[in-house]
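The structure under discussion appears below in the form of structure tokens.
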Amino acid sequence: MILVENYFIAIIMSFVTMLCWGSWANTQKLASKEWKYQLFYWDYAIGVFLLSLVFALTMGSLGGAGRSFFADLSQMSGKAFLFAFLGGVVFNIANILLVAAIDIAGMAVAFPIGVGIALVEGVIINYIAKPKGNPVLLFIGVAAVAFAIIFDAIAYSKIPSEDFKTTKKGIIISIICGLLMGLWYYLVQAGMATNFASPQPGLLGPYSAVVVFSLGLLLSTFVWNSNFMSKILTGEQIEFKKYFTEGNTKLHLVGILGGIIWCLGTSFNIIASGEAGPSISYGLGQSAPMVGALWGIFIWREFDEAPKTTNKFLTMMFLLFIIGLVLIIMAR
């Protein structure tokens, strides 16, 4: 398989992750104009799984380093499979909650709060599991991002809202999403080899791990999303037949594109973790709230009705995010 053995390239790949993780939800925003996020999510899950297979059958099967995709699958232990699969299941419920929060409260609040909490929790957990890098710089960087999240929440609170209950509901969903999302990366890493070039027997390489993770995501969608299509959260029953009767080719492709964008970032991040370390690669990738907030502010105009004083909170948010990113990179 093709591996990364250069820290600079690993950092670039982690930045690609940040862009992908912070941008894929735009496809959900586009699709939500015509149908519900629950229907969009079926195509998203399909897109994630399809791209994971493409990477595994190409980059994961070429080159002389490590084990090829099929050889890796044939030797994996049940424990390794379970960890990676469970990572997909846990991520999926967190991500569906994130999509719901975006639908209710917008990208500018759902991403910084939900993904921001996941960043802090995930970096701490992954560093404890596989310590790599300078802990002082790493955790100061994470703290800077945490304060950036607080400033974003303050900025969002300044937006006039006609339905305070809906706004509060979106924030609560974002918090629950973040707490769950901070766990999935650790679970996947627990089933992976620590040395991709000479992987330990029974453990998964990066490409196989992403495929097993994506399988867990896809299959658990039938459980999680089916429940969310009932009256949970929205109070509205959504019939599955609408996926076929209301969906057109454009809508399905938009959803699949969203899954592909997210899986591209995830695949790059998992591959980069071998060189950069899980806590650093995950920390950079999960800095996606800055990208999501940019989309929310400048493209979706979610702060247009906010008072001018809101700008100082947004400025502090971006400044702290940048400081946090620099410190996280320097930690290695």
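How things are named: the first chain in the structure tokens is A, the next is B, and so on; residues count from 1 in each chain; ligands count from 1 in the order shown.
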
For range 293-310 of chain A, list every protein, DNA or RNA residue within 12 Å, evaluated using only C-alpha atoms, and leave out those in the same chain fewer than 4 positions away; present the list as a tab-separated table (two decimals) with C-alpha atoms, in the first residue's frame.
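Result file is around-v7.tsv:
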```
chain	number	residue	atom	x	y	z
A	19	LEU	CA	-11.11	21.39	4.52
A	21	TRP	CA	-14.60	17.85	7.25
A	22	GLY	CA	-15.47	21.55	7.32
A	23	SER	CA	-17.04	21.60	3.85
A	24	TRP	CA	-19.00	18.40	3.26
A	25	ALA	CA	-22.05	19.71	5.15
A	26	ASN	CA	-22.58	22.28	2.39
A	27	THR	CA	-24.01	19.43	0.34
A	29	LYS	CA	-27.44	22.53	3.10
A	30	LEU	CA	-27.99	22.38	-0.66
A	102	ILE	CA	-27.11	21.97	11.15
A	105	ALA	CA	-29.42	25.83	14.08
A	106	GLY	CA	-27.13	26.31	11.06
A	107	MET	CA	-23.50	25.53	10.28
A	108	ALA	CA	-22.08	28.49	12.21
A	109	VAL	CA	-23.22	27.01	15.53
A	110	ALA	CA	-23.43	23.26	14.89
A	111	PHE	CA	-19.88	22.90	13.59
A	112	PRO	CA	-17.95	24.98	16.15
A	113	ILE	CA	-19.83	23.54	19.15
A	115	VAL	CA	-16.98	19.35	16.24
A	116	GLY	CA	-15.12	21.64	18.63
A	148	ALA	CA	-12.47	29.87	19.98
A	149	ILE	CA	-15.54	27.68	20.32
A	151	PHE	CA	-16.38	32.98	21.32
A	152	ASP	CA	-18.33	31.45	18.45
A	153	ALA	CA	-21.12	30.42	20.82
A	154	ILE	CA	-21.23	33.98	22.21
A	155	ALA	CA	-21.39	35.37	18.67
A	156	TYR	CA	-24.23	33.03	17.77
A	157	SER	CA	-26.17	34.04	20.88
A	158	LYS	CA	-26.29	37.60	19.48
A	159	ILE	CA	-28.34	36.53	16.45
A	160	PRO	CA	-32.02	37.50	16.80
A	161	SER	CA	-34.10	34.34	17.00
A	162	GLU	CA	-37.84	34.03	16.54
A	287	SER	CA	-10.19	22.07	13.46
A	288	ALA	CA	-12.82	21.98	10.71
A	289	PRO	CA	-15.18	24.28	12.70
A	314	LEU	CA	-15.97	36.22	15.36
A	315	THR	CA	-12.55	37.88	14.98
A	316	MET	CA	-11.39	36.41	18.29
A	317	MET	CA	-12.73	33.02	17.23
A	318	PHE	CA	-10.68	32.94	14.04
A	321	PHE	CA	-8.31	28.93	15.89
```

*Please provide the set of residues having any atom within 7 Å of Leu218 in chain A, restricted to only C-alpha atoms, with same-chain residues fewer than 2 positions apart removed, written as a list of chain:residue names.*
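That gives A:Ala45, A:Ile46, A:Phe49, A:Ser214, A:Leu215, A:Gly216, A:Ser220, A:Thr221.
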
Next, the residues of the selection above should be written as a tab-separated table (two decimals), in the first residue's frame with C-alpha atoms.
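Result file follows (selection07.tsv):
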```tsv
chain	number	residue	atom	x	y	z
A	45	ALA	CA	-23.50	6.97	3.91
A	46	ILE	CA	-23.31	5.32	0.48
A	49	PHE	CA	-18.47	3.53	1.79
A	214	SER	CA	-17.30	2.80	6.66
A	215	LEU	CA	-19.09	-0.53	6.73
A	216	GLY	CA	-20.06	0.12	10.35
A	220	SER	CA	-25.74	1.36	11.37
A	221	THR	CA	-27.50	3.92	9.20
```

Proximity check range 54-155 of chain A to range 255-276 of chain A, 9 Å, nearest pairs one decimal Å, only C-alpha atoms, as JSON lines:
```
{"residue": "A:Phe55", "atom": "CA", "partner": "A:Ser267", "partner_atom": "CA", "distance": 8.0}
{"residue": "A:Lys132", "atom": "CA", "partner": "A:Ala276", "partner_atom": "CA", "distance": 7.9}
{"residue": "A:Gly133", "atom": "CA", "partner": "A:Ala276", "partner_atom": "CA", "distance": 8.3}
```

*Go through range 148-268 of chain A and collect every residue that DSSP, computed from the backbone, puts in alpha helix (DSSP H); the answer should be as a ChimeraX atom specification.*
/A:148-157,164-181,184-190,206-228,242-245,249-268

_I'd like the contact shell of Ser198 in chain A - 12 Å cut-off, only C-alpha atoms, skipping same-chain residues fewer than 3 positions apart - returned as an MDAnalysis selection string._
chainID A and resid 1 3 64:68 72 192:195 201 203:205 274

*Would you kindly return, as a VMD selection string, each protein, DNA or RNA residue with an atom no farther than 8 Å from any atom of Val212 in chain A, considering only C-alpha atoms and excluding same-chain residues fewer than 6 positions away?*
chain A and resid 81 84 to 85 88

Would you save the residues of that selection, restricted to N, CA and C atoms, as a PDB file, in the first residue's frame?
```pdb
ATOM      1  N   PHE A  81     -11.424  -5.918  13.988  1.00  0.00           N
ATOM      2  CA  PHE A  81     -12.619  -5.632  13.189  1.00  0.00           C
ATOM      3  C   PHE A  81     -13.675  -4.945  14.044  1.00  0.00           C
ATOM      4  N   ALA A  84     -12.822  -1.156  14.816  1.00  0.00           N
ATOM      5  CA  ALA A  84     -13.014  -0.274  13.664  1.00  0.00           C
ATOM      6  C   ALA A  84     -14.485  -0.159  13.290  1.00  0.00           C
ATOM      7  N   PHE A  85     -15.204  -1.276  13.343  1.00  0.00           N
ATOM      8  CA  PHE A  85     -16.629  -1.291  13.011  1.00  0.00           C
ATOM      9  C   PHE A  85     -17.407  -0.450  14.019  1.00  0.00           C
ATOM     10  N   GLY A  88     -17.264   3.199  13.434  1.00  0.00           N
ATOM     11  CA  GLY A  88     -18.232   3.662  12.440  1.00  0.00           C
ATOM     12  C   GLY A  88     -19.622   3.824  13.019  1.00  0.00           C
TER      13      GLY A  88
END
```

*Quick one: of A:Ile104, A:Ser14, A:Phe69, A:Ser230, who's nearest to Ile171 in chain A, counting only C-alpha atoms?*
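Nearest to Ile171 in chain A: A:Ile104.
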
_Counting only C-alpha atoms, the option among A:Leu183, A:Gly60, A:Lys169, A:Leu251 closest to Lys33 in chain A_ =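 The closest residue to Lys33 in chain A is A:Leu251.
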
_Considering only C-alpha atoms, can you say which of A:Ile12, A:Asp43, A:Ile124, A:Val90 comes closest to Thr249 in chain A?_
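Closest to Thr249 in chain A, using only C-alpha atoms: A:Asp43.
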
*Find the residues near Glu121 in chain A: any atom within 12 Å, counting only C-alpha atoms, skip ones fewer than 6 places away on the same chain, and give them as a PyMOL selection string.*
chain A and resi 114-115+127-128+139+142-143+145-146+175+177-186+279+282-283+286

_Residues near Lys36 in chain A, anyone? I mean within 10 Å using only C-alpha atoms, not counting same-chain ones fewer than 2 positions away, as number ranges by chain._
A: 28, 31-34, 38-41, 100, 103, 229, 238, 242-243

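The shell of residues at most 9 Å from Leu53 in chain A, with only C-alpha atoms counted and near chain neighbours (fewer than 6 positions) removed, consists of Tyr207, Ser208, Val210 and Val211 of chain A.
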